[in-house]
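Accompanying notes for the structure given below.
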Amino acid sequence: MSEQVRTRFAPSPTGQLHIGGVRTALFSWLHARHFGGKFILRVEDTDAERSTDENTEQILASMKWLGLDWDEGPFFQSERLDLYNSYIRKLLDEGKAYWCECPPEVLEEKRGQALKDGKKPKYDGTCRNKGLGPGPGRVVRFVMPDTGVTSFNDMIKGTISMENEELDDLILLRSDGMPTYNLTVVIDDATMNITHVIRGDDHVNNTPRQVKIYEALGFELPLFAHVPMILGPDKTKLSKRHGATSVIAYQDMGYLPEALVNYLVRLSWSHGDQEIFTRDELITYFDIHNVGRSAAVFNPEKLLWLNHHYIKTGDPARLADLLTVFIRERGYPVPDAEYLRKVVIDIRERTKSLDDMLDFGGFYFHEVDPPDELKQQHFTPDLAKVFEDLIQGFGQTDLTDRAKAEEVVKTVIDQYAMKFKTIAQPMRVALTGKTVSPGLFEIISTLGKDQVLPRLQKALAFMKSQESGQ
RNA sequence: GUCCCCAUCGUCUAGCCUGGCCCAGGACACCGGCCUUUCACGCCGGCGACAGGGGUUCAAAUCCCCUUGGGGACGCCA
């Protein structure tokens with residue numbers, strides 16, 4: 001039993017990698033890493049109609065972004081057609097599969113009729129004993145037993161059994177010559193020596209069928225683990241109509257990969273009351289047996305909270321680096337790394353995503369011109385003298401030293417017997433163009449003389465113009 | 001409709017397997033308060049759940065059954 005653990009993730013490149021998919025990938029990856037096993041990536045691209053290279057590339061990019069590295073692959077099913085065909089031939093030779101000529105339209109009609117009659121829509125076996133050979137428009141079907149029960153043990157859900165009469169003669173080979181999912185997944189998992197098949201809950205019903213294929217092919221069964229679905233707020237399977245669901249979308253919105261991973265891993269899985277996990281902790285604590293059995297509702301707010309957590313606690317230099325993409329996107333020039341690092345430290349407590357950082361801290365990247373309303377309200381003529389003194393004081397001070405900047409302000413307000421409160425907001429508006437911002441001295445120190453002085457001067461000019469205008 | 005699965009605060013969950021420590025703990029969100037140069041952060045407090053009904057037992061969120069509710073699957077998609 002010292003068999004090495006081998007898990008896989010098998011996305012279909014018919015769309016972008018989505019939240020539900022990665023969570024499954026994450027569990028699978030974690031399971032392999034926990035046991036020091038191998039994680040294999042396999043692209044299931046037998047749906048020639050909808051699979052695209054672009055999707056494949058984006059999926060791989062998303063996996064890398066999240067740090068879900070794989071040890072083998074990516075393998076492409078479209079390159080393994082010969083393998084599948086040899087097994088189909090074997091099944092045909094052994095009488096475990098047969099050719100079928102039923103036209104799709106007829107099948108569809110029968111299905112619709114059965115559904116309407118309240119019966120199970122299942123292939124009626126019309127061609128099962130016709131002894132047909134290959135031909136245009138024909139497919140190969142698997143001979144499913146009509147009686148008996150098929151059951152398997154699921155690591156998450158326990159024993160699941162199904163009456164064989166519920167199963168029908170599924171198609172193994174399409175009329176276009178491409179094999180179908182239920183066949184390829186079995187052949188691949190078996191030949192790639194996958195020990196633990198970890199996949200979405202929506203595959204539970206397929207599993208008994210696949211078990212039959214495993215048996216027909218003489219393969220040993222892997223262990224199965226079906227992870228619960230992720231639902232939207234309306235409790236239906238999470239999909240595009242619930243809003244952003246692709247990994248890329250979250251990346252673009254300024255989410256950190258560690259936040260997404262941490263959020264996703266806590267859906268249907270937990271380790272006591274712990275909410276925050278480092279990657280190493282996840283690897284040591286993760287146990288597939290601790291995955292719950294019920295579906296989870298995706299909660300964007302908790303994801304945001306985690307993102308904020310990682311922004312607050314992450315390395316500012318790294319965050320600064322990640323931020324450059326977002327700065328360019330807004331068309332601002334990218335400041336030097338040290339300046340950016342200070343910006344991050346100034347604003348990280350008030351911004352929950354990288355994108356948010358630009359919304360909130362835009363004034364760090366461009367000149368400001370406060371709205372008239374704020375100017376009228378805060379740049380009152382009586383403050384002109386104070387601002388003059390502040391400008392003079394700042395001009396002679398090393399503003400990178402926050403304490404010194406603070407000293408300047410203290411001296412000035414003492415001189416006028418003012419409270420700091422009185423000039424705080426006017427200064428804030430002058431420096432940021434807004435009434436909400438990081439602490440003034442943080443801003444001053446980060447902005448530096450070059451930006452602080454002109455902004456205060458601009459405010460001062462407004463104060464004076466108000467004075468003379470009256 | 002049929003089959004499969006699921007069921008603790010609005011949401012994610014601990015506890016359930018190995019009944020008593022649970023008149024149910026944590027987290028997000030929300031609401032108050034403190035801190036304070038704004039806003040945040042932080043800290044303190046509050047609101048808030050064992051779906052219902054039967055059993056079993058001295059004792060049930062925990063075990064069993066039924067009901068109800070929810071989800072998923074019924075493709076020449078994966």
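Naming scheme: A, B, ... for chains in displayed order of the structure tokens; residues 1 onward per chain; ligands 1 onward as shown.
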Could you give me, as JSON, numbers by chain, each residue of stretch 3-206 of chain A that DSSP assigns to helix (DSSP H, G or I) when run on this structure's backbone? {"A": [19, 20, 21, 22, 23, 24, 25, 26, 27, 28, 29, 30, 31, 32, 33, 34, 53, 54, 55, 56, 57, 58, 59, 60, 61, 62, 63, 64, 65, 77, 78, 79, 81, 82, 83, 84, 85, 86, 87, 88, 89, 90, 91, 92, 93, 104, 105, 106, 107, 108, 109, 110, 111, 112, 113, 114, 115, 116, 164, 165, 166, 181, 182, 183, 184, 185, 186, 187, 188, 189, 190, 191, 201, 202, 203, 206]}
Nearby residues (only C-alpha atoms (C1' of nucleotides)) at most 9 Å from stretch 31-38 of chain B, same-chain spacing under 3 positions excluded, as a PyMOL selection string: (chain A and resi 420-425+428+435-440) or (chain B and resi 42-47)
Residues as selected, C-alpha atoms (C1' of nucleotides), written as a PDB file, in the first residue's frame, can you do that?
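Saved as result.pdb:
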ATOM      1  CA  PHE A 420      -5.089  70.475  14.063  1.00  0.00           C
ATOM      2  CA  LYS A 421      -8.643  69.521  13.178  1.00  0.00           C
ATOM      3  CA  THR A 422      -9.185  72.939  11.673  1.00  0.00           C
ATOM      4  CA  ILE A 423      -6.592  72.586   8.977  1.00  0.00           C
ATOM      5  CA  ALA A 424      -6.549  68.840   8.530  1.00  0.00           C
ATOM      6  CA  GLN A 425      -9.374  68.641   6.042  1.00  0.00           C
ATOM      7  CA  ARG A 428      -6.244  66.813   2.838  1.00  0.00           C
ATOM      8  CA  THR A 435     -12.001  64.394   1.961  1.00  0.00           C
ATOM      9  CA  VAL A 436     -11.126  60.789   2.524  1.00  0.00           C
ATOM     10  CA  SER A 437      -7.554  59.620   2.399  1.00  0.00           C
ATOM     11  CA  PRO A 438      -4.703  58.042   4.338  1.00  0.00           C
ATOM     12  CA  GLY A 439      -3.194  59.965   7.240  1.00  0.00           C
ATOM     13  CA  LEU A 440      -1.874  63.379   6.264  1.00  0.00           C
TER      14      LEU A 440
ATOM     15  C1'   G B  42      -7.543  47.626  15.301  1.00  0.00           C
ATOM     16  C1'   C B  43     -10.181  46.502  19.801  1.00  0.00           C
ATOM     17  C1'   C B  44     -14.858  45.652  22.576  1.00  0.00           C
ATOM     18  C1'   G B  45     -20.013  44.454  22.345  1.00  0.00           C
ATOM     19  C1'   G B  46     -24.693  43.085  19.772  1.00  0.00           C
ATOM     20  C1'   C B  47     -28.014  40.610  16.240  1.00  0.00           C
TER      21        C B  47
END
Please determine the contact residues of chain B with respect to chain A at a cut-off of 12 Å, counting only C-alpha atoms (C1' of nucleotides), and supply them as a VMD selection string. chain B and resid 1 to 7 10 to 17 25 to 29 36 to 42 70 to 78
Would you please extract all strand (DSSP E or B) residues from stretch 170-311 of chain A, as assigned by DSSP on the backbone, and give them as a list in words?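 Those residues are Ile171, Leu172, Leu173, Pro179, His196, Val197, Ile198, Arg199, Gly200, Leu223, Phe224, Ala225, His226, Val227, Ile230, Leu231, Lys237, Ser246, Ala296 and Val297 of chain A.
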What would the file look like if the residues just selected were written as a CSV table (one decimal), in the first residue's frame with N, CA, C and O atoms?
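File part19.csv, as written:
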chain,number,residue,atom,x,y,z
A,171,ILE,N,-22.9,6.3,-25.5
A,171,ILE,CA,-22.1,6.3,-26.7
A,171,ILE,C,-20.6,6.5,-26.4
A,171,ILE,O,-20.3,7.3,-25.5
A,172,LEU,N,-19.8,5.6,-27.0
A,172,LEU,CA,-18.4,5.6,-26.7
A,172,LEU,C,-17.7,6.4,-27.8
A,172,LEU,O,-16.7,7.1,-27.6
A,173,LEU,N,-18.2,6.2,-29.1
A,173,LEU,CA,-17.6,6.8,-30.2
A,173,LEU,C,-18.6,7.6,-31.0
A,173,LEU,O,-19.6,7.0,-31.4
A,179,PRO,N,-14.0,10.0,-29.7
A,179,PRO,CA,-14.5,9.3,-28.5
A,179,PRO,C,-15.2,10.2,-27.6
A,179,PRO,O,-15.0,11.4,-27.6
A,196,HIS,N,-6.5,8.7,-7.2
A,196,HIS,CA,-7.6,9.3,-6.6
A,196,HIS,C,-8.3,10.3,-7.6
A,196,HIS,O,-7.7,11.3,-8.0
A,197,VAL,N,-9.4,9.9,-8.0
A,197,VAL,CA,-10.2,10.8,-9.0
A,197,VAL,C,-11.0,11.8,-8.2
A,197,VAL,O,-12.0,11.4,-7.6
A,198,ILE,N,-10.5,13.0,-8.2
A,198,ILE,CA,-11.2,14.0,-7.4
A,198,ILE,C,-11.9,15.0,-8.4
A,198,ILE,O,-11.2,15.5,-9.3
A,199,ARG,N,-13.1,15.1,-8.4
A,199,ARG,CA,-13.8,15.9,-9.4
A,199,ARG,C,-15.1,16.4,-8.8
A,199,ARG,O,-15.5,16.1,-7.7
A,200,GLY,N,-15.9,17.2,-9.6
A,200,GLY,CA,-17.1,17.8,-9.2
A,200,GLY,C,-18.2,16.8,-9.0
A,200,GLY,O,-18.3,15.8,-9.6
A,223,LEU,N,-9.8,5.4,-6.5
A,223,LEU,CA,-10.6,5.9,-5.5
A,223,LEU,C,-11.3,7.1,-6.0
A,223,LEU,O,-10.7,8.0,-6.6
A,224,PHE,N,-12.6,7.3,-5.6
A,224,PHE,CA,-13.3,8.5,-6.1
A,224,PHE,C,-13.6,9.4,-5.0
A,224,PHE,O,-13.8,9.0,-3.8
A,225,ALA,N,-13.6,10.7,-5.3
A,225,ALA,CA,-14.0,11.7,-4.3
A,225,ALA,C,-14.7,12.8,-5.1
A,225,ALA,O,-14.1,13.5,-6.0
A,226,HIS,N,-16.0,12.9,-4.8
A,226,HIS,CA,-16.8,13.9,-5.5
A,226,HIS,C,-17.0,15.1,-4.6
A,226,HIS,O,-17.7,15.0,-3.6
A,227,VAL,N,-16.4,16.2,-5.0
A,227,VAL,CA,-16.6,17.4,-4.2
A,227,VAL,C,-17.8,18.2,-4.5
A,227,VAL,O,-18.2,18.3,-5.6
A,230,ILE,N,-20.3,24.5,-6.1
A,230,ILE,CA,-20.3,25.8,-5.6
A,230,ILE,C,-21.6,26.4,-6.2
A,230,ILE,O,-21.7,26.4,-7.5
A,231,LEU,N,-22.4,27.0,-5.4
A,231,LEU,CA,-23.7,27.6,-5.9
A,231,LEU,C,-23.6,29.1,-5.9
A,231,LEU,O,-22.8,29.7,-5.2
A,237,LYS,N,-26.4,26.0,-9.4
A,237,LYS,CA,-25.0,25.8,-9.8
A,237,LYS,C,-24.4,27.2,-10.3
A,237,LYS,O,-25.0,27.8,-11.2
A,246,SER,N,-14.9,33.6,-13.8
A,246,SER,CA,-13.6,33.0,-14.3
A,246,SER,C,-12.5,33.5,-13.4
A,246,SER,O,-12.5,34.6,-12.8
A,296,ALA,N,-21.8,24.6,-1.3
A,296,ALA,CA,-21.5,25.9,-0.7
A,296,ALA,C,-21.9,27.1,-1.6
A,296,ALA,O,-21.8,27.0,-2.8
A,297,VAL,N,-22.4,28.1,-1.0
A,297,VAL,CA,-22.8,29.3,-1.8
A,297,VAL,C,-21.6,30.3,-1.8
A,297,VAL,O,-21.0,30.6,-0.8
Write out as CSV the residues of stretch 6-43 of chain B that have any atom within 10 Å of an atom of stretch 56-61 of chain B, one row each with the nearest atom pair and its distance in Å to one decimal, counting only C-alpha atoms (C1' of nucleotides), sorted by chain and then rising number.
residue,atom,partner,partner_atom,distance
B:U8,C1',B:A61,C1',6.9
B:G15,C1',B:A61,C1',8.1
B:C16,C1',B:A61,C1',7.3
B:G19,C1',B:A60,C1',6.3
B:G20,C1',B:A59,C1',6.2
B:C22,C1',B:A61,C1',8.4
B:A24,C1',B:A61,C1',7.6
Which residue out of A:Tyr250, A:Tyr332, A:Phe142, A:Tyr416 has the minimum interatomic distance to A:Asp168 when only C-alpha atoms are used? A:Phe142
What is the atom CA of A:Trp65 to atom CA of A:Gly243 distance in Å?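 Distance between the two atoms: 21.1 Å.
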Choose the residue, out of A:Arg402, A:Phe462, A:Gly67, A:Ile391, that has the smallest atom-to-atom separation from A:Asp450; count only C-alpha atoms.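 Distance minimum relative to A:Asp450 lands on A:Ile391.
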Could you state the separation of atom C1' of B:C30 and atom CA of A:Ala249 in Å, given to one decimal place?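 Computed distance, atom C1' of B:C30 to atom CA of A:Ala249, equals 27.4 Å.
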Restricting the calculation to only C-alpha atoms, which member of A:Ile59, A:Leu319, A:Pro222, A:Gly135 is positioned closest to A:Val5?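 The closest residue to A:Val5 is A:Pro222.
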